[in-house]
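What follows is a single structure, written as structure tokens, with notes after it.
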Amino acid sequence: MTLVLGAIADDFTGATDLANNLVRGGMRCVQVIGVPDTPADLSDVDAVVVALKSRSCPADDAVRDSLAALAWLQEQGARQIFFKYCSTFDSTERGNIGPVADALLERLGARHTVMVPAFPINGRTVYQGHLFVGDRLLNDSGMQHHPLTPMTDADLIRVLSHQTPHRVGLVDRATLGRGADAARQRLAELADQGVRHVICDSVDDTDLEVLAEASVDLALVTGGSGLGQALPAQYRAKGWLDEIATPGRLSPACGAALVLSGSCSRATLAQVDDFLGRHPGAGFALDPNALALGDEQWEQALAFALDRIEQDAPVLIYASADPTKVQAAQQRLGVERAGELVECALSQLAVTLVNEGVGRLLVAGGETSGAVVSALRISALRIGEQIDPGVPWTQATLKGHTAPLSLALKSGNFGGVDFFTRAFEVLS
Ligand SMILES: Nc1ncnc2c1ncn2[C@@H]1O[C@H](COP(=O)(O)OP(=O)(O)O)[C@@H](O)[C@H]1O
Ligand SMILES: O=C(O)[C@@H](O)C(=O)COP(=O)(O)O
């Protein structure tokens, strides 16, 4: 069997989220970090997700990295390409989703694609082209305060139209209600009218199944992991997949537990509070203003974590803060510098503490996870048990370590309120 799906994810938590849903759909999937520079043996793999850190960087860099990933996936023979972005359509002001989708379409010689961010089980739905998080429009969901990609408009046609010179259209819910043939026909009509990007409504898993059936023959599909869960059944129907693969089991987890959080999303802030409420004294708060002054706060955080680990006690190091504090730090230091200081501090803590015996590491935040995984020089992740929708445990082999590292990369807004505690219960 050849490689069925090649995916390019614009951040690391998003990549893990997609890989998890492909595995749940019965595909044998591996996640690689960046474009591999050594030949890969993909003989027993149906899908590969290439994790990039291309959501918040300049658009030209995102295009270059995505095209490099595409070239590699084409070399591996992937039948369909999936560009994975956030279920909340996270974009910088200029936006990378449009430029990357345009570049991928051009390189693939394809005339159009679908845009399907919805992930209904996690409350992300799209209706009349408007993105909802739960019962709130995107711009009123907390995402308007995101430190790097504030989302202030829920109208995805308008958002995307600012990111591409090409026409953007809509396949609405009424069309999906008439089934996959109607959706396919509408996509073809829109393509004939010169529409290149088609925002797709989807309010439940049935809509995603219809969209998966209507888009299985496209060279490129784009969106969130909800579509990823619906596609494997279509690949099976086409005879591209032999059977439903059962997820492989990870090796037993070992080593000390640590939570690092750089996410300032609403769900994470509640998870931080919940964890500190359950484990008083278990948290150390990092402040970008203090980090900017030198190494003192970082060293204090390290000493705190080592002490807790020695006592076999829960430990959380976090920079997560409410929008007022984040904005104050950003005004003082600049958006990029504030983010970098936090990402650098957390990733260097991860490297040091993994060398000191941490073997179960939970990281909250997409950019934060990108920084941590890169600093640990991880090249691939195996997908294990799901903790909550969109967040599985994974395992990585680290150079110089005999036991694998168990790693959970949590998207900012995913996970129940007790996630930081329950994740470790799932693992044991
Ligand atoms: N207190 C803070 N002040 C300013 N920026 C912060 C603070 N804490 C975290 N950040 C930055 O905010 C960004 C959060 O993004 P990310 O890790 O992707 O989280 P999420 O998954 O919630 O989007 C990171 O770049 C992080 O370094
Ligand atoms: O689709 C999603 O919501 C996630 O997979 C994702 O990409 C989340 O990104 P972060 O919130 O930045 O972790």
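The way I read the labels, and the way they are meant: chains A, B, ... in the order of the structure tokens, residue 1 as the first residue of every chain, and ligand 1 as the first ligand shown, with later ones counted on from there.
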Using only C-alpha atoms, find each residue in region 253-358 of chain A having at least one atom no more than 8 Å away from region 363-368 of chain A; report its shortest atom-to-atom pair and that distance in Å (one decimal), rows by chain then rising number, as a Markdown table.
| residue | atom | partner | partner_atom | distance |
| --- | --- | --- | --- | --- |
| A:Val259 | CA | A:Val363 | CA | 5.9 |
| A:Leu260 | CA | A:Val363 | CA | 4.9 |
| A:Ser261 | CA | A:Ala364 | CA | 4.5 |
| A:Gly262 | CA | A:Thr368 | CA | 5.6 |
| A:Ser263 | CA | A:Gly365 | CA | 4.3 |
| A:Cys264 | CA | A:Gly365 | CA | 7.9 |
| A:Thr268 | CA | A:Ala364 | CA | 7.2 |
| A:Glu343 | CA | A:Thr368 | CA | 5.5 |
| A:Leu346 | CA | A:Thr368 | CA | 7.6 |
| A:Ser347 | CA | A:Thr368 | CA | 7.7 |
Enumerate as an MDAnalysis selection string all residues of region 61-171 of chain A assigned to alpha helix (DSSP H) by DSSP on the backbone, naming them with the chain letters and numbers the document uses.
chainID A and resid 61:75 97:108 156:161
Would you name the residues within 7 Å of ligand 2, counting only C-alpha atoms and all ligand atoms, and put them as a ChimeraX atom specification?
/A:11,13-15,17-18,85-88,224-225,365-367,390,410-413
Write out, as a compact mmCIF listing (two decimals), in the first residue's frame, the residues just selected, with C-alpha atoms.
# COMPACT_ATOMS: atom_id res chain seq x y z
CA ASP A 11 1.76 23.99 14.68
CA THR A 13 -0.35 20.67 18.99
CA GLY A 14 -2.43 20.90 15.82
CA ALA A 15 -0.31 18.17 14.26
CA ASP A 17 -4.54 16.65 17.22
CA LEU A 18 -4.80 15.61 13.55
CA TYR A 85 -4.64 24.78 10.70
CA CYS A 86 -6.47 25.69 13.85
CA SER A 87 -10.14 24.96 14.45
CA THR A 88 -10.35 28.62 15.45
CA GLY A 224 -9.09 21.14 11.41
CA SER A 225 -8.83 17.62 12.73
CA GLY A 365 0.06 25.80 24.19
CA GLY A 366 0.77 25.36 20.50
CA GLU A 367 3.68 27.78 20.08
CA GLY A 390 -7.73 16.46 20.28
CA LYS A 410 -2.26 20.37 24.69
CA SER A 411 -3.83 22.93 22.42
CA GLY A 412 -4.63 26.09 24.36
CA ASN A 413 -8.37 25.76 24.32
Could you check how far CA of Gly134 (chain A) sits from CA of Phe414 (chain A), in Å to one decimal?
12.2 Å
Determine, counting only C-alpha atoms, which protein, DNA and RNA residues have an atom within 12 Å of an atom of Ser428 (chain A); residues of the same chain fewer than 5 positions away are not included. Present the result as a short mmCIF file (atom, residue, chain, number, x, y, z; two decimals) with N, CA and C atoms, in the first residue's frame.
data_model
loop_
_atom_site.label_atom_id
_atom_site.label_comp_id
_atom_site.auth_asym_id
_atom_site.auth_seq_id
_atom_site.Cartn_x
_atom_site.Cartn_y
_atom_site.Cartn_z
N LEU A 250 1.83 2.35 23.47
CA LEU A 250 3.11 2.97 23.81
C LEU A 250 3.77 2.16 24.93
N SER A 251 5.08 2.33 25.07
CA SER A 251 5.78 1.67 26.19
C SER A 251 5.27 2.27 27.50
N PRO A 252 5.36 1.51 28.59
CA PRO A 252 4.92 2.07 29.88
C PRO A 252 5.68 3.36 30.19
N ALA A 253 4.95 4.35 30.72
CA ALA A 253 5.58 5.64 31.02
C ALA A 253 6.41 5.51 32.29
N CYS A 254 7.50 6.27 32.34
CA CYS A 254 8.29 6.27 33.57
C CYS A 254 8.93 7.65 33.75
N GLY A 255 9.45 7.89 34.93
CA GLY A 255 10.10 9.17 35.20
C GLY A 255 9.15 10.16 35.85
N ALA A 257 6.91 13.56 36.69
CA ALA A 257 5.88 14.27 35.94
C ALA A 257 6.10 15.79 36.05
N ARG A 360 7.56 12.20 32.09
CA ARG A 360 6.16 12.42 31.70
C ARG A 360 5.95 13.94 31.67
N GLU A 385 -2.70 6.97 23.81
CA GLU A 385 -4.08 7.10 24.28
C GLU A 385 -4.55 8.55 24.34
N ILE A 387 -6.38 11.71 25.83
CA ILE A 387 -6.73 12.20 27.17
C ILE A 387 -8.09 12.88 27.10
N TRP A 393 -1.71 11.23 24.52
CA TRP A 393 -0.33 11.05 24.96
C TRP A 393 0.47 10.61 23.74
N SER A 406 7.38 10.36 27.55
CA SER A 406 5.93 10.49 27.30
C SER A 406 5.59 11.98 27.30
N THR A 421 -4.42 17.27 35.89
CA THR A 421 -4.37 16.19 36.86
C THR A 421 -4.72 14.87 36.19
N ARG A 422 -5.81 14.90 35.41
CA ARG A 422 -6.34 13.66 34.81
C ARG A 422 -5.39 13.07 33.78
N ALA A 423 -4.67 13.93 33.08
CA ALA A 423 -3.76 13.43 32.05
C ALA A 423 -2.83 12.35 32.61
#
Pick out the residues sitting within 8 Å of region 273-290 of chain A, and hand them over as a PDB file with all heavy atoms, in the first residue's frame; count only C-alpha atoms, and ignore anything fewer than 5 positions along from it in its own chain.
ATOM      1  N   GLN A 297      15.035  34.653  37.536  1.00  0.00           N
ATOM      2  CA  GLN A 297      13.733  33.998  37.702  1.00  0.00           C
ATOM      3  C   GLN A 297      13.753  32.581  37.115  1.00  0.00           C
ATOM      4  O   GLN A 297      13.151  31.656  37.662  1.00  0.00           O
ATOM      5  CB  GLN A 297      12.606  34.815  37.054  1.00  0.00           C
ATOM      6  CG  GLN A 297      11.263  34.223  37.454  1.00  0.00           C
ATOM      7  CD  GLN A 297      10.080  34.961  36.900  1.00  0.00           C
ATOM      8  OE1 GLN A 297       9.926  35.080  35.688  1.00  0.00           O
ATOM      9  NE2 GLN A 297       9.231  35.461  37.789  1.00  0.00           N
ATOM     10  N   TRP A 298      14.445  32.419  36.007  1.00  0.00           N
ATOM     11  CA  TRP A 298      14.532  31.090  35.392  1.00  0.00           C
ATOM     12  C   TRP A 298      15.202  30.106  36.362  1.00  0.00           C
ATOM     13  O   TRP A 298      14.757  28.985  36.558  1.00  0.00           O
ATOM     14  CB  TRP A 298      15.319  31.171  34.084  1.00  0.00           C
ATOM     15  CG  TRP A 298      15.322  29.881  33.328  1.00  0.00           C
ATOM     16  CD1 TRP A 298      14.393  29.456  32.430  1.00  0.00           C
ATOM     17  CD2 TRP A 298      16.295  28.827  33.432  1.00  0.00           C
ATOM     18  NE1 TRP A 298      14.717  28.201  31.956  1.00  0.00           N
ATOM     19  CE2 TRP A 298      15.882  27.786  32.564  1.00  0.00           C
ATOM     20  CE3 TRP A 298      17.467  28.647  34.167  1.00  0.00           C
ATOM     21  CZ2 TRP A 298      16.595  26.590  32.410  1.00  0.00           C
ATOM     22  CZ3 TRP A 298      18.180  27.451  34.009  1.00  0.00           C
ATOM     23  CH2 TRP A 298      17.744  26.444  33.140  1.00  0.00           C
ATOM     24  N   ALA A 301      12.883  29.128  39.072  1.00  0.00           N
ATOM     25  CA  ALA A 301      11.879  28.159  38.592  1.00  0.00           C
ATOM     26  C   ALA A 301      12.494  26.771  38.526  1.00  0.00           C
ATOM     27  O   ALA A 301      11.869  25.773  38.919  1.00  0.00           O
ATOM     28  CB  ALA A 301      11.366  28.584  37.218  1.00  0.00           C
ATOM     29  N   PHE A 304      12.868  25.366  42.003  1.00  0.00           N
ATOM     30  CA  PHE A 304      11.535  25.003  42.506  1.00  0.00           C
ATOM     31  C   PHE A 304      11.119  23.647  41.939  1.00  0.00           C
ATOM     32  O   PHE A 304      10.689  22.747  42.666  1.00  0.00           O
ATOM     33  CB  PHE A 304      10.544  26.097  42.084  1.00  0.00           C
ATOM     34  CG  PHE A 304       9.118  25.811  42.441  1.00  0.00           C
ATOM     35  CD1 PHE A 304       8.613  26.157  43.689  1.00  0.00           C
ATOM     36  CD2 PHE A 304       8.267  25.193  41.529  1.00  0.00           C
ATOM     37  CE1 PHE A 304       7.292  25.880  44.018  1.00  0.00           C
ATOM     38  CE2 PHE A 304       6.946  24.920  41.851  1.00  0.00           C
ATOM     39  CZ  PHE A 304       6.466  25.259  43.104  1.00  0.00           C
ATOM     40  N   ARG A 308      10.481  20.014  43.927  1.00  0.00           N
ATOM     41  CA  ARG A 308       9.183  19.300  43.884  1.00  0.00           C
ATOM     42  C   ARG A 308       9.380  17.884  43.341  1.00  0.00           C
ATOM     43  O   ARG A 308       8.788  16.938  43.839  1.00  0.00           O
ATOM     44  CB  ARG A 308       8.179  20.038  42.986  1.00  0.00           C
ATOM     45  CG  ARG A 308       7.829  21.435  43.398  1.00  0.00           C
ATOM     46  CD  ARG A 308       6.839  21.563  44.496  1.00  0.00           C
ATOM     47  NE  ARG A 308       5.585  20.873  44.273  1.00  0.00           N
ATOM     48  CZ  ARG A 308       4.617  20.806  45.181  1.00  0.00           C
ATOM     49  NH1 ARG A 308       4.763  21.366  46.369  1.00  0.00           N
ATOM     50  NH2 ARG A 308       3.483  20.171  44.919  1.00  0.00           N
ATOM     51  N   ALA A 313       6.387  15.346  44.108  1.00  0.00           N
ATOM     52  CA  ALA A 313       5.168  16.161  44.244  1.00  0.00           C
ATOM     53  C   ALA A 313       4.802  16.777  42.890  1.00  0.00           C
ATOM     54  O   ALA A 313       5.680  17.016  42.065  1.00  0.00           O
ATOM     55  CB  ALA A 313       5.431  17.272  45.254  1.00  0.00           C
ATOM     56  N   PRO A 314       3.496  17.025  42.655  1.00  0.00           N
ATOM     57  CA  PRO A 314       3.091  17.624  41.380  1.00  0.00           C
ATOM     58  C   PRO A 314       3.756  18.984  41.184  1.00  0.00           C
ATOM     59  O   PRO A 314       3.959  19.720  42.159  1.00  0.00           O
ATOM     60  CB  PRO A 314       1.570  17.803  41.523  1.00  0.00           C
ATOM     61  CG  PRO A 314       1.174  16.990  42.700  1.00  0.00           C
ATOM     62  CD  PRO A 314       2.378  16.823  43.563  1.00  0.00           C
ATOM     63  N   VAL A 315       4.066  19.326  39.918  1.00  0.00           N
ATOM     64  CA  VAL A 315       4.703  20.626  39.664  1.00  0.00           C
ATOM     65  C   VAL A 315       4.256  21.212  38.331  1.00  0.00           C
ATOM     66  O   VAL A 315       4.186  20.516  37.325  1.00  0.00           O
ATOM     67  CB  VAL A 315       6.255  20.523  39.780  1.00  0.00           C
ATOM     68  CG1 VAL A 315       6.810  19.427  38.892  1.00  0.00           C
ATOM     69  CG2 VAL A 315       6.930  21.840  39.438  1.00  0.00           C
ATOM     70  N   LEU A 316       3.942  22.489  38.385  1.00  0.00           N
ATOM     71  CA  LEU A 316       3.498  23.251  37.206  1.00  0.00           C
ATOM     72  C   LEU A 316       4.305  24.542  37.128  1.00  0.00           C
ATOM     73  O   LEU A 316       4.331  25.318  38.087  1.00  0.00           O
ATOM     74  CB  LEU A 316       2.008  23.587  37.353  1.00  0.00           C
ATOM     75  CG  LEU A 316       1.440  24.737  36.507  1.00  0.00           C
ATOM     76  CD1 LEU A 316       1.427  24.358  35.029  1.00  0.00           C
ATOM     77  CD2 LEU A 316       0.017  25.092  36.945  1.00  0.00           C
ATOM     78  N   ILE A 317       4.972  24.754  36.018  1.00  0.00           N
ATOM     79  CA  ILE A 317       5.646  26.041  35.781  1.00  0.00           C
ATOM     80  C   ILE A 317       4.849  26.714  34.667  1.00  0.00           C
ATOM     81  O   ILE A 317       4.655  26.128  33.593  1.00  0.00           O
ATOM     82  CB  ILE A 317       7.109  25.863  35.313  1.00  0.00           C
ATOM     83  CG1 ILE A 317       7.872  24.872  36.205  1.00  0.00           C
ATOM     84  CG2 ILE A 317       7.816  27.210  35.231  1.00  0.00           C
ATOM     85  CD1 ILE A 317       8.271  25.359  37.544  1.00  0.00           C
ATOM     86  N   TYR A 318       4.399  27.941  34.906  1.00  0.00           N
ATOM     87  CA  TYR A 318       3.496  28.550  33.927  1.00  0.00           C
ATOM     88  C   TYR A 318       3.772  30.039  33.750  1.00  0.00           C
ATOM     89  O   TYR A 318       4.180  30.725  34.672  1.00  0.00           O
ATOM     90  CB  TYR A 318       2.030  28.334  34.348  1.00  0.00           C
ATOM     91  CG  TYR A 318       1.661  28.978  35.671  1.00  0.00           C
ATOM     92  CD1 TYR A 318       0.955  30.176  35.717  1.00  0.00           C
ATOM     93  CD2 TYR A 318       2.019  28.381  36.883  1.00  0.00           C
ATOM     94  CE1 TYR A 318       0.618  30.767  36.927  1.00  0.00           C
ATOM     95  CE2 TYR A 318       1.687  28.961  38.095  1.00  0.00           C
ATOM     96  CZ  TYR A 318       0.990  30.155  38.112  1.00  0.00           C
ATOM     97  OH  TYR A 318       0.677  30.740  39.318  1.00  0.00           O
ATOM     98  N   ALA A 319       3.530  30.483  32.508  1.00  0.00           N
ATOM     99  CA  ALA A 319       3.549  31.923  32.226  1.00  0.00           C
ATOM    100  C   ALA A 319       2.140  32.371  31.900  1.00  0.00           C
ATOM    101  O   ALA A 319       1.897  33.570  31.694  1.00  0.00           O
ATOM    102  CB  ALA A 319       4.470  32.208  31.047  1.00  0.00           C
ATOM    103  N   SER A 320       1.216  31.427  31.833  1.00  0.00           N
ATOM    104  CA  SER A 320      -0.188  31.693  31.508  1.00  0.00           C
ATOM    105  C   SER A 320      -0.692  32.843  32.372  1.00  0.00           C
ATOM    106  O   SER A 320      -0.510  32.822  33.591  1.00  0.00           O
ATOM    107  CB  SER A 320      -1.031  30.443  31.800  1.00  0.00           C
ATOM    108  OG  SER A 320      -0.404  29.301  31.246  1.00  0.00           O
ATOM    109  N   ALA A 329       2.597  43.172  29.510  1.00  0.00           N
ATOM    110  CA  ALA A 329       3.946  42.669  29.168  1.00  0.00           C
ATOM    111  C   ALA A 329       4.263  42.978  27.710  1.00  0.00           C
ATOM    112  O   ALA A 329       5.392  43.373  27.375  1.00  0.00           O
ATOM    113  CB  ALA A 329       4.017  41.164  29.426  1.00  0.00           C
ATOM    114  N   ARG A 332       5.204  46.568  27.135  1.00  0.00           N
ATOM    115  CA  ARG A 332       6.537  46.881  27.651  1.00  0.00           C
ATOM    116  C   ARG A 332       7.648  46.267  26.786  1.00  0.00           C
ATOM    117  O   ARG A 332       8.658  46.901  26.492  1.00  0.00           O
ATOM    118  CB  ARG A 332       6.618  46.288  29.053  1.00  0.00           C
ATOM    119  CG  ARG A 332       7.646  46.921  29.847  1.00  0.00           C
ATOM    120  CD  ARG A 332       7.355  46.976  31.286  1.00  0.00           C
ATOM    121  NE  ARG A 332       8.656  47.172  31.904  1.00  0.00           N
ATOM    122  CZ  ARG A 332       8.947  46.752  33.078  1.00  0.00           C
ATOM    123  NH1 ARG A 332       8.054  46.132  33.788  1.00  0.00           N
ATOM    124  NH2 ARG A 332      10.141  46.969  33.567  1.00  0.00           N
ATOM    125  N   LEU A 333       7.434  45.033  26.372  1.00  0.00           N
ATOM    126  CA  LEU A 333       8.529  44.280  25.730  1.00  0.00           C
ATOM    127  C   LEU A 333       8.346  44.101  24.232  1.00  0.00           C
ATOM    128  O   LEU A 333       9.279  43.731  23.517  1.00  0.00           O
ATOM    129  CB  LEU A 333       8.621  42.876  26.355  1.00  0.00           C
ATOM    130  CG  LEU A 333       8.873  42.810  27.853  1.00  0.00           C
ATOM    131  CD1 LEU A 333       8.538  41.428  28.387  1.00  0.00           C
ATOM    132  CD2 LEU A 333      10.339  43.138  28.149  1.00  0.00           C
ATOM    133  N   ALA A 338       8.046  39.293  24.152  1.00  0.00           N
ATOM    134  CA  ALA A 338       7.381  38.706  25.329  1.00  0.00           C
ATOM    135  C   ALA A 338       7.170  37.206  25.090  1.00  0.00           C
ATOM    136  O   ALA A 338       7.467  36.374  25.957  1.00  0.00           O
ATOM    137  CB  ALA A 338       6.054  39.408  25.592  1.00  0.00           C
ATOM    138  N   GLY A 339       6.679  36.872  23.893  1.00  0.00           N
ATOM    139  CA  GLY A 339       6.440  35.465  23.566  1.00  0.00           C
ATOM    140  C   GLY A 339       7.727  34.659  23.572  1.00  0.00           C
ATOM    141  O   GLY A 339       7.803  33.566  24.135  1.00  0.00           O
ATOM    142  N   LEU A 341      10.561  35.251  25.116  1.00  0.00           N
ATOM    143  CA  LEU A 341      11.149  35.071  26.457  1.00  0.00           C
ATOM    144  C   LEU A 341      10.501  33.900  27.167  1.00  0.00           C
ATOM    145  O   LEU A 341      11.170  33.068  27.785  1.00  0.00           O
ATOM    146  CB  LEU A 341      10.951  36.357  27.283  1.00  0.00           C
ATOM    147  CG  LEU A 341      11.911  37.493  26.965  1.00  0.00           C
ATOM    148  CD1 LEU A 341      11.366  38.816  27.502  1.00  0.00           C
ATOM    149  CD2 LEU A 341      13.287  37.202  27.578  1.00  0.00           C
ATOM    150  N   VAL A 342       9.171  33.821  27.048  1.00  0.00           N
ATOM    151  CA  VAL A 342       8.440  32.738  27.713  1.00  0.00           C
ATOM    152  C   VAL A 342       8.773  31.400  27.053  1.00  0.00           C
ATOM    153  O   VAL A 342       9.073  30.407  27.729  1.00  0.00           O
ATOM    154  CB  VAL A 342       6.920  33.020  27.661  1.00  0.00           C
ATOM    155  CG1 VAL A 342       6.137  31.796  28.089  1.00  0.00           C
ATOM    156  CG2 VAL A 342       6.570  34.231  28.522  1.00  0.00           C
ATOM    157  N   VAL A 417     -11.462  20.916  32.589  1.00  0.00           N
ATOM    158  CA  VAL A 417     -10.845  21.818  33.564  1.00  0.00           C
ATOM    159  C   VAL A 417      -9.800  21.093  34.431  1.00  0.00           C
ATOM    160  O   VAL A 417      -8.814  21.687  34.870  1.00  0.00           O
ATOM    161  CB  VAL A 417     -11.944  22.519  34.404  1.00  0.00           C
ATOM    162  CG1 VAL A 417     -12.596  21.561  35.396  1.00  0.00           C
ATOM    163  CG2 VAL A 417     -11.403  23.748  35.099  1.00  0.00           C
ATOM    164  N   ASP A 418      -9.975  19.774  34.647  1.00  0.00           N
ATOM    165  CA  ASP A 418      -9.033  19.033  35.486  1.00  0.00           C
ATOM    166  C   ASP A 418      -7.947  18.335  34.644  1.00  0.00           C
ATOM    167  O   ASP A 418      -7.303  17.381  35.095  1.00  0.00           O
ATOM    168  CB  ASP A 418      -9.786  17.977  36.309  1.00  0.00           C
ATOM    169  CG  ASP A 418     -10.547  16.992  35.408  1.00  0.00           C
ATOM    170  OD1 ASP A 418     -10.678  17.253  34.188  1.00  0.00           O
ATOM    171  OD2 ASP A 418     -11.015  15.971  35.927  1.00  0.00           O
ATOM    172  N   PHE A 420      -4.875  18.874  33.731  1.00  0.00           N
ATOM    173  CA  PHE A 420      -3.478  18.715  34.185  1.00  0.00           C
ATOM    174  C   PHE A 420      -3.336  17.588  35.214  1.00  0.00           C
ATOM    175  O   PHE A 420      -2.253  17.051  35.414  1.00  0.00           O
ATOM    176  CB  PHE A 420      -2.962  20.018  34.808  1.00  0.00           C
ATOM    177  CG  PHE A 420      -2.762  21.155  33.835  1.00  0.00           C
ATOM    178  CD1 PHE A 420      -2.431  22.425  34.290  1.00  0.00           C
ATOM    179  CD2 PHE A 420      -2.906  20.966  32.466  1.00  0.00           C
ATOM    180  CE1 PHE A 420      -2.237  23.475  33.416  1.00  0.00           C
ATOM    181  CE2 PHE A 420      -2.726  22.022  31.575  1.00  0.00           C
ATOM    182  CZ  PHE A 420      -2.392  23.273  32.056  1.00  0.00           C
ATOM    183  N   THR A 421      -4.418  17.274  35.889  1.00  0.00           N
ATOM    184  CA  THR A 421      -4.372  16.191  36.864  1.00  0.00           C
ATOM    185  C   THR A 421      -4.724  14.870  36.186  1.00  0.00           C
ATOM    186  O   THR A 421      -4.032  13.865  36.335  1.00  0.00           O
ATOM    187  CB  THR A 421      -5.390  16.471  37.997  1.00  0.00           C
ATOM    188  OG1 THR A 421      -5.101  17.750  38.537  1.00  0.00           O
ATOM    189  CG2 THR A 421      -5.293  15.413  39.080  1.00  0.00           C
TER     190      THR A 421
END
Interatomic distance (Å, one decimal) between CA of Val373 (chain A) and CA of Pro36 (chain A)
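Atom-to-atom, CA of Val373 (chain A) to CA of Pro36 (chain A), that is 14.6 Å.
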Choose the residue, out of A:Asp242, A:Asp44, A:Asp90, A:Asp205, that has the smallest atom-to-atom separation from ligand 1; count only C-alpha atoms and all ligand atoms.
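Closest to ligand 1, using only C-alpha atoms and all ligand atoms: A:Asp90.
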Using DSSP assignments from the backbone, pull out every residue in region 14-260 of chain A that falls under strand (DSSP E or B) and give it to me as a ChimeraX atom specification.
/A:29-33,47-51,80-84,113-116,119,124-127,130-133,136-137,155,167-171,195-200,202,220-223,256-260
Mind checking which residues fall within 12 Å of Ala245 (chain A), counting only C-alpha atoms, ignoring those fewer than 6 positions away in the same chain, and posting them as an NGL selection string?
:A and (22-29 or 44-47 or 232-233 or 236)
Serialized selection, N, CA and C atoms, as a PDB file, in the first residue's frame:
ATOM      1  N   LEU A  22      -6.682  10.837  13.016  1.00  0.00           N
ATOM      2  CA  LEU A  22      -6.446   9.857  11.942  1.00  0.00           C
ATOM      3  C   LEU A  22      -6.308   8.455  12.535  1.00  0.00           C
ATOM      4  N   VAL A  23      -5.603   8.372  13.666  1.00  0.00           N
ATOM      5  CA  VAL A  23      -5.463   7.074  14.340  1.00  0.00           C
ATOM      6  C   VAL A  23      -6.842   6.585  14.798  1.00  0.00           C
ATOM      7  N   ARG A  24      -7.638   7.504  15.326  1.00  0.00           N
ATOM      8  CA  ARG A  24      -8.990   7.116  15.774  1.00  0.00           C
ATOM      9  C   ARG A  24      -9.869   6.712  14.597  1.00  0.00           C
ATOM     10  N   GLY A  25      -9.544   7.223  13.431  1.00  0.00           N
ATOM     11  CA  GLY A  25     -10.270   6.812  12.218  1.00  0.00           C
ATOM     12  C   GLY A  25      -9.727   5.501  11.650  1.00  0.00           C
ATOM     13  N   GLY A  26      -8.719   4.916  12.307  1.00  0.00           N
ATOM     14  CA  GLY A  26      -8.229   3.602  11.902  1.00  0.00           C
ATOM     15  C   GLY A  26      -7.040   3.645  10.957  1.00  0.00           C
ATOM     16  N   MET A  27      -6.327   4.781  10.894  1.00  0.00           N
ATOM     17  CA  MET A  27      -5.131   4.837  10.039  1.00  0.00           C
ATOM     18  C   MET A  27      -3.873   4.623  10.877  1.00  0.00           C
ATOM     19  N   ARG A  28      -2.851   4.071  10.256  1.00  0.00           N
ATOM     20  CA  ARG A  28      -1.543   3.962  10.909  1.00  0.00           C
ATOM     21  C   ARG A  28      -0.795   5.256  10.580  1.00  0.00           C
ATOM     22  N   CYS A  29      -0.548   6.044  11.614  1.00  0.00           N
ATOM     23  CA  CYS A  29      -0.076   7.414  11.366  1.00  0.00           C
ATOM     24  C   CYS A  29       1.152   7.733  12.201  1.00  0.00           C
ATOM     25  N   ASP A  44       4.871   0.648   6.653  1.00  0.00           N
ATOM     26  CA  ASP A  44       3.664   0.241   7.377  1.00  0.00           C
ATOM     27  C   ASP A  44       2.893   1.449   7.909  1.00  0.00           C
ATOM     28  N   VAL A  45       2.903   2.518   7.134  1.00  0.00           N
ATOM     29  CA  VAL A  45       2.260   3.758   7.563  1.00  0.00           C
ATOM     30  C   VAL A  45       1.251   4.208   6.499  1.00  0.00           C
ATOM     31  N   ASP A  46       0.057   4.634   6.935  1.00  0.00           N
ATOM     32  CA  ASP A  46      -0.958   5.138   5.996  1.00  0.00           C
ATOM     33  C   ASP A  46      -0.932   6.664   5.880  1.00  0.00           C
ATOM     34  N   ALA A  47      -0.525   7.317   6.955  1.00  0.00           N
ATOM     35  CA  ALA A  47      -0.561   8.785   6.966  1.00  0.00           C
ATOM     36  C   ALA A  47       0.646   9.333   7.721  1.00  0.00           C
ATOM     37  N   PRO A 232     -10.720   8.887   6.853  1.00  0.00           N
ATOM     38  CA  PRO A 232     -10.300   7.485   6.697  1.00  0.00           C
ATOM     39  C   PRO A 232     -11.403   6.572   6.164  1.00  0.00           C
ATOM     40  N   ALA A 233     -12.647   6.781   6.562  1.00  0.00           N
ATOM     41  CA  ALA A 233     -13.736   5.917   6.068  1.00  0.00           C
ATOM     42  C   ALA A 233     -13.873   6.059   4.546  1.00  0.00           C
ATOM     43  N   ARG A 236     -11.113   4.181   2.881  1.00  0.00           N
ATOM     44  CA  ARG A 236     -11.419   2.748   2.918  1.00  0.00           C
ATOM     45  C   ARG A 236     -12.418   2.409   1.821  1.00  0.00           C
TER      46      ARG A 236
END
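Between ligand 1 and the candidates A:Gln185, A:Ser43, A:Ser91, A:Ser379, the tightest atom-to-atom separation, counting only C-alpha atoms and all ligand atoms, involves A:Ser91.
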Closest of A:Ser265, A:Cys200, A:Val358, A:Ser374 to Ala51 (chain A) - atom-to-atom distances counting only C-alpha atoms
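Using only C-alpha atoms, Ala51 (chain A) sits closest to A:Ser374.
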For Arg111 (chain A), please output as number ranges by chain all residues within 10 Å (counting only C-alpha atoms; exclusion window: fewer than 6 positions along the same chain).
A: 102, 105, 191-192, 194-197, 218-220
Let me make sure I understand: among A:Gly415, A:Thr175, A:Leu138, A:Arg184, which one has the smallest atom-to-atom distance to Ala270 (chain A) if we use only C-alpha atoms?
A:Gly415
So that I can check the surroundings of Asp140 (chain A), please list as JSON, numbers by chain every protein, DNA and RNA residue that reaches within 10 Å of it, counting only C-alpha atoms and ignoring chain neighbours fewer than 3 positions away.
{"A": [132, 133, 135, 136, 137, 143, 144, 145, 151, 152, 153, 154]}
